[in-house]
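Asker: The file below is final.cif, mmCIF, C-alpha atoms:
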data_start
loop_
_atom_site.label_atom_id
_atom_site.label_comp_id
_atom_site.auth_asym_id
_atom_site.auth_seq_id
_atom_site.Cartn_x
_atom_site.Cartn_y
_atom_site.Cartn_z
CA MET E 25 11.19 -3.98 -8.72
CA ALA E 26 9.61 -4.74 -5.39
CA ARG E 27 11.06 -4.55 -1.87
CA LEU E 28 10.59 -7.87 -0.07
CA LEU E 29 11.18 -9.02 3.50
CA LEU E 30 12.26 -12.67 3.83
CA VAL E 31 12.04 -14.24 7.31
CA ASP E 32 13.27 -17.79 7.92
CA ASP E 33 15.49 -19.31 10.61
CA ASP E 34 16.69 -22.08 8.27
CA PRO E 35 19.75 -20.80 6.38
CA GLY E 36 19.12 -23.19 3.50
CA SER E 37 15.51 -22.09 3.00
CA LEU E 38 16.49 -18.44 3.30
CA ALA E 39 19.23 -18.90 0.70
CA VAL E 40 16.76 -20.53 -1.71
CA LEU E 41 14.28 -17.67 -1.24
CA GLU E 42 17.04 -15.11 -1.77
CA MET E 43 18.31 -16.83 -4.91
CA LEU E 44 14.86 -17.15 -6.49
CA LEU E 45 13.63 -13.66 -5.67
CA ALA E 46 16.90 -11.80 -6.31
CA GLY E 47 16.88 -13.44 -9.74
CA GLU E 48 13.60 -11.61 -10.37
CA GLY E 49 15.28 -8.29 -9.59
CA HIS E 50 13.66 -7.68 -6.21
CA ARG E 51 15.37 -5.76 -3.40
CA LEU E 52 15.60 -8.09 -0.42
CA VAL E 53 15.85 -7.63 3.33
CA THR E 54 16.29 -10.77 5.41
CA ALA E 55 15.73 -11.74 9.03
CA THR E 56 16.32 -15.04 10.81
CA ASP E 57 13.90 -14.57 13.70
CA GLY E 58 10.68 -12.79 14.63
CA THR E 59 12.42 -9.95 16.46
CA GLY E 60 14.53 -9.14 13.41
CA ALA E 61 11.43 -9.25 11.23
CA LEU E 62 9.58 -6.80 13.46
CA LEU E 63 12.57 -4.45 13.52
CA ALA E 64 12.70 -4.49 9.72
CA LEU E 65 8.95 -3.90 9.45
CA GLY E 66 9.22 -0.99 11.85
CA ASP E 67 11.98 0.59 9.74
CA GLY E 68 10.16 0.69 6.44
CA ASP E 69 7.47 -0.41 4.07
CA PHE E 70 7.68 -3.61 2.06
CA ASP E 71 5.71 -4.67 -0.98
CA LEU E 72 5.52 -8.20 0.46
CA ALA E 73 6.84 -10.17 3.45
CA LEU E 74 7.43 -13.92 3.30
CA VAL E 75 7.47 -15.23 6.88
CA ASP E 76 8.20 -18.77 8.06
CA ILE E 77 5.72 -19.98 10.68
CA GLY E 78 8.37 -21.81 12.74
CA LEU E 79 10.69 -19.13 14.08
CA PRO E 80 12.85 -19.54 17.22
CA ASP E 81 11.72 -16.55 19.30
CA LEU E 82 8.23 -15.67 18.06
CA SER E 83 5.98 -17.78 15.89
CA GLY E 84 5.39 -16.58 12.38
CA LEU E 85 1.74 -16.08 13.34
CA GLU E 86 2.79 -13.69 16.11
CA VAL E 87 4.94 -11.80 13.60
CA LEU E 88 1.94 -11.69 11.25
CA GLU E 89 -0.31 -10.16 13.93
CA ARG E 90 2.29 -7.60 15.06
CA ALA E 91 3.11 -6.72 11.44
CA ALA E 92 -0.47 -5.52 11.01
CA ALA E 93 0.20 -2.79 13.59
CA LEU E 94 3.77 -1.96 12.52
CA SER E 95 3.30 -1.95 8.77
CA PRO E 96 -0.40 -2.44 7.91
CA GLN E 97 0.16 -1.89 4.18
CA THR E 98 2.65 -4.79 3.97
CA PRO E 99 0.97 -8.04 2.86
CA VAL E 100 2.34 -11.19 4.51
CA MET E 101 2.68 -14.62 2.90
CA MET E 102 3.28 -17.46 5.33
CA VAL E 103 5.87 -20.14 4.51
CA THR E 104 5.96 -23.44 6.38
CA ALA E 105 7.10 -27.04 6.35
CA ASN E 106 3.88 -27.98 8.16
CA THR E 107 1.28 -27.76 5.42
CA SER E 108 -1.73 -28.86 7.41
CA LEU E 109 -5.09 -27.41 6.46
CA ASP E 110 -5.59 -26.16 10.04
CA SER E 111 -2.39 -24.10 10.02
CA ALA E 112 -3.23 -22.64 6.60
CA VAL E 113 -6.72 -21.65 7.72
CA GLU E 114 -5.36 -20.13 10.95
CA ALA E 115 -2.76 -18.08 9.04
CA LEU E 116 -5.34 -16.78 6.58
CA ARG E 117 -7.78 -16.06 9.41
CA ARG E 118 -5.12 -13.94 11.13
CA GLY E 119 -4.51 -11.87 8.01
CA ALA E 120 -2.00 -13.66 5.79
CA VAL E 121 -2.59 -13.02 2.10
CA ASP E 122 -1.27 -16.43 1.06
CA TYR E 123 0.26 -19.62 2.42
CA ILE E 124 2.91 -21.79 0.76
CA GLY E 125 4.48 -25.04 1.88
CA LYS E 126 8.06 -26.25 1.85
CA PRO E 127 9.89 -27.52 -0.04
CA LEU E 128 9.43 -24.45 -2.19
CA GLU E 129 8.67 -25.12 -5.82
CA ARG E 130 10.25 -22.37 -7.95
CA ASP E 131 7.47 -21.72 -10.46
CA ASP E 132 4.71 -21.86 -7.84
CA LEU E 133 6.55 -19.45 -5.53
CA LEU E 134 7.35 -16.96 -8.30
CA ALA E 135 3.79 -17.07 -9.66
CA ARG E 136 2.34 -16.39 -6.20
CA VAL E 137 4.78 -13.56 -5.50
CA ARG E 138 4.03 -11.96 -8.89
CA ARG E 139 0.29 -12.24 -8.27
CA LEU E 140 0.52 -10.70 -4.80
CA LEU E 141 2.76 -7.87 -6.01
CA GLU E 142 0.38 -7.12 -8.89
CA LEU E 143 -2.55 -7.14 -6.47
CA GLY E 144 -0.69 -4.71 -4.20
CA ARG E 145 0.12 -2.46 -7.15
CA LEU E 146 -3.53 -2.45 -8.23
CA ARG E 147 -4.69 -1.62 -4.71
CA ALA E 148 -2.26 1.29 -4.47
CA GLU E 149 -3.37 2.53 -7.89
CA ASN E 150 -7.00 2.21 -6.82
CA ARG E 151 -6.34 4.28 -3.67
CA GLU E 152 -4.64 6.98 -5.76
CA LEU E 153 -7.45 7.05 -8.31
CA ARG E 154 -10.04 7.30 -5.54
CA ARG E 155 -8.09 10.18 -4.02
CA ARG E 156 -7.95 11.96 -7.36
CA LEU E 157 -11.62 11.32 -8.05
CA HIS E 158 -12.54 12.62 -4.62
CA SER E 159 -10.39 15.66 -5.26
CA LEU E 160 -12.03 16.32 -8.63
CA ASP E 161 -15.55 15.66 -7.37
CA ASP E 162 -15.15 17.60 -4.17
CA ARG E 163 -16.96 20.89 -4.52
CA GLY E 164 -15.61 22.14 -1.22
CA GLY E 165 -19.03 22.88 0.27
CA LEU E 166 -20.20 24.80 -2.78
CA VAL E 167 -23.68 24.08 -4.10
CA ALA E 168 -23.42 23.86 -7.86
CA GLY E 169 -26.99 23.18 -8.95
CA SER E 170 -27.22 25.87 -11.61
CA PRO E 171 -25.30 25.75 -14.89
CA ALA E 172 -23.49 28.99 -13.97
CA MET E 173 -22.30 27.58 -10.61
CA ALA E 174 -21.28 24.27 -12.22
CA GLU E 175 -19.22 26.26 -14.73
CA ALA E 176 -17.63 28.28 -11.90
CA VAL E 177 -16.63 25.04 -10.09
CA ARG E 178 -15.23 23.63 -13.34
CA LEU E 179 -13.13 26.77 -13.80
CA MET E 180 -11.91 26.66 -10.18
CA ASN E 181 -10.80 23.05 -10.64
CA LYS E 182 -9.02 24.04 -13.86
CA ILE E 183 -7.33 27.02 -12.17
CA ALA E 184 -6.22 24.74 -9.32
CA SER E 185 -3.86 22.86 -11.66
CA PHE E 186 -1.83 26.02 -12.42
CA ASP E 187 1.03 27.16 -10.22
CA THR E 188 -0.24 30.69 -9.75
CA THR E 189 -1.75 33.06 -7.21
CA VAL E 190 -5.55 33.42 -7.32
CA LEU E 191 -7.55 36.38 -5.97
CA PHE E 192 -11.26 36.01 -5.20
CA THR E 193 -13.32 39.21 -4.96
CA GLY E 194 -16.98 39.80 -4.26
CA GLU E 195 -19.52 40.77 -1.67
CA SER E 196 -19.53 39.34 1.82
CA GLY E 197 -21.27 35.95 2.03
CA THR E 198 -20.87 34.96 -1.62
CA GLY E 199 -18.55 31.99 -0.89
CA LYS E 200 -15.09 33.40 -1.60
CA SER E 201 -13.47 31.44 1.22
CA LEU E 202 -15.18 28.20 0.08
CA ALA E 203 -13.92 28.82 -3.45
CA ALA E 204 -10.40 29.52 -2.18
CA ARG E 205 -10.39 26.28 -0.15
CA LEU E 206 -11.63 24.32 -3.20
CA VAL E 207 -8.84 25.69 -5.40
CA HIS E 208 -6.22 25.09 -2.69
CA ARG E 209 -7.37 21.53 -1.94
CA ASN E 210 -7.15 20.58 -5.63
CA SER E 211 -3.85 22.37 -6.30
CA PRO E 212 -0.28 21.03 -6.27
CA ARG E 213 0.23 23.21 -3.19
CA SER E 214 -2.48 21.40 -1.21
CA GLN E 215 0.03 19.99 1.29
CA GLY E 216 1.12 23.53 2.22
CA PRO E 217 -0.80 26.24 4.07
CA LEU E 218 -3.69 28.12 2.48
CA VAL E 219 -2.70 31.78 2.36
#
When written as structure tokens, how does the structure in this file appear?
Answerer:
Amino acid sequence: MARLLLVDDDPGSLAVLEMLLAGEGHRLVTATDGTGALLALGDGDFDLALVDIGLPDLSGLEVLERAAALSPQTPVMMVTANTSLDSAVEALRRGAVDYIGKPLERDDLLARVRRLLELGRLRAENRELRRRLHSLDDRGGLVAGSPAMAEAVRLMNKIASFDTTVLFTGESGTGKSLAARLVHRNSPRSQGPLV
């Protein structure tokens, strides 16, 4: 399941959040103030952070803004007892992905958390698919206008998926180094050096 950060200075509210979200199988990290929240965000990625606006040392809005620098991939849902429209608009304007008021209603909270986690999962999947598509589409600087060149690029992309050594031969200026870079970039060894 997901890894969640729960930040609330009220022990009762924090206990309710923990009970509801642990019951869903999530791994939870808790903090009771803004400093603790920022330390947790600096130590690792979270699938979602639920942050109370009224914290003793930093406001939840300050935590929200600093979280964007510490852990930009972590979406933040604001939780507050003050459910004024102005505070909701301000939180969303500063980057919160959602806003929920206290007292927490079980079904509403769980539905929102599920929706935000699914949205995060879809965004991560989208990034990975874009990376793969870019990798497959990338011709590495080769011009493949002719059917023969298009076939050569197709073969290089196919070869890239094998865990094997590839030798390119040919006359000077025919694009051997471009072909080698294309195969390397699309191979499982792409994170290592091109030799």
Asker: Starting from the PyMOL selection byres ((chain E and resi 118) around 8), expand the selection into actual residues of this file and give them as a PyMOL selection string.
Answerer: chain E and resi 85+88-89+114-117+119-120
Asker: Which of these, E:Val100, E:Ala55, E:Ala92, E:Ala112, has the shortest distance to E:Leu141 once you count all atoms listed in the file?
Answerer: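 Closest to E:Leu141, using all atoms listed in the file: E:Val100.
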Asker: One decimal, in Å: what's the spacing between atom CA of E:Asp57 and atom CA of E:Thr104?
Answerer: 14.0 Å
Asker: For E:Pro212, which residue out of E:Asn181, E:Thr193, E:Ala46, E:Thr198 is the nearest one, using all atoms listed in the file?
Answerer: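 The closest residue to E:Pro212 is E:Asn181.
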Asker: Since I can't run it myself right now, could you work out what the PyMOL selection byres ((chain E and resi 211) around 8) selects here and report it as a short mmCIF file (atom, residue, chain, number, x, y, z; two decimals) with C-alpha atoms, keeping the file's coordinate frame?
Answerer:
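Printed below is result-v7.cif as written:
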data_model
loop_
_atom_site.label_atom_id
_atom_site.label_comp_id
_atom_site.auth_asym_id
_atom_site.auth_seq_id
_atom_site.Cartn_x
_atom_site.Cartn_y
_atom_site.Cartn_z
CA ALA E 184 -6.22 24.74 -9.32
CA SER E 185 -3.86 22.86 -11.66
CA PHE E 186 -1.83 26.02 -12.42
CA ASP E 187 1.03 27.16 -10.22
CA VAL E 207 -8.84 25.69 -5.40
CA HIS E 208 -6.22 25.09 -2.69
CA ARG E 209 -7.37 21.53 -1.94
CA ASN E 210 -7.15 20.58 -5.63
CA PRO E 212 -0.28 21.03 -6.27
CA ARG E 213 0.23 23.21 -3.19
CA SER E 214 -2.48 21.40 -1.21
#
Asker: Find the spatial neighbours of E:Glu129, counting all atoms listed in the file, within a cut-off of 12 Å - ignore same-chain residues fewer than 5 positions away - and output them as a PyMOL selection string.
Answerer: chain E and resi 37+40-41+44+103+124+134-136
Asker: With C-alpha atoms retained, write the just-selected residues as a PDB file, keeping the file's coordinate frame.
Answerer:
ATOM      1  CA  SER E  37      15.510 -22.090   3.000  1.00  0.00           C
ATOM      2  CA  VAL E  40      16.760 -20.530  -1.710  1.00  0.00           C
ATOM      3  CA  LEU E  41      14.280 -17.670  -1.240  1.00  0.00           C
ATOM      4  CA  LEU E  44      14.860 -17.150  -6.490  1.00  0.00           C
ATOM      5  CA  VAL E 103       5.870 -20.140   4.510  1.00  0.00           C
ATOM      6  CA  ILE E 124       2.910 -21.790   0.760  1.00  0.00           C
ATOM      7  CA  LEU E 134       7.350 -16.960  -8.300  1.00  0.00           C
ATOM      8  CA  ALA E 135       3.790 -17.070  -9.660  1.00  0.00           C
ATOM      9  CA  ARG E 136       2.340 -16.390  -6.200  1.00  0.00           C
TER      10      ARG E 136
END
Asker: Grab the atom CA of E:Ile183 to atom CA of E:Arg205 distance for me, in Å with one decimal place.
Answerer: 12.4 Å
Asker: I need the residue nearest E:Val75 from this list: E:Gly58, E:Gly194, E:Pro96, E:Gly49. Use all atoms listed in the file for the distance.
Answerer: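 Distance minimum relative to E:Val75 lands on E:Gly58.
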Asker: Ranking E:Arg147, E:Glu152, E:Met25, E:Asp76 by minimum distance to E:Thr107 and counting all atoms listed in the file, which one comes first?
Answerer: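 Nearest to E:Thr107: E:Asp76.
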Asker: Report, in Å with one decimal, the straight-line distance from atom CA of E:Gly68 to atom CA of E:Ser111.
Answerer: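 Those two atoms sit 28.0 Å apart.
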Asker: Using only C-alpha atoms, which of the listed residues (E:Ala174, E:Ala91, E:Val219, E:Leu45) sits closest to E:Val190?
Answerer: E:Val219
Asker: From the options E:Pro35, E:Asp67, E:Gly60, E:Met102, which residue's atoms come nearest to E:Leu133, counting all atoms listed in the file?
Answerer: E:Met102
Asker: Any chance you could resolve the PyMOL selection byres ((chain E and resi 203) around 8) against this file and give the residues as number ranges by chain?
Answerer: E: 164, 166, 180, 192, 199-202, 204-207
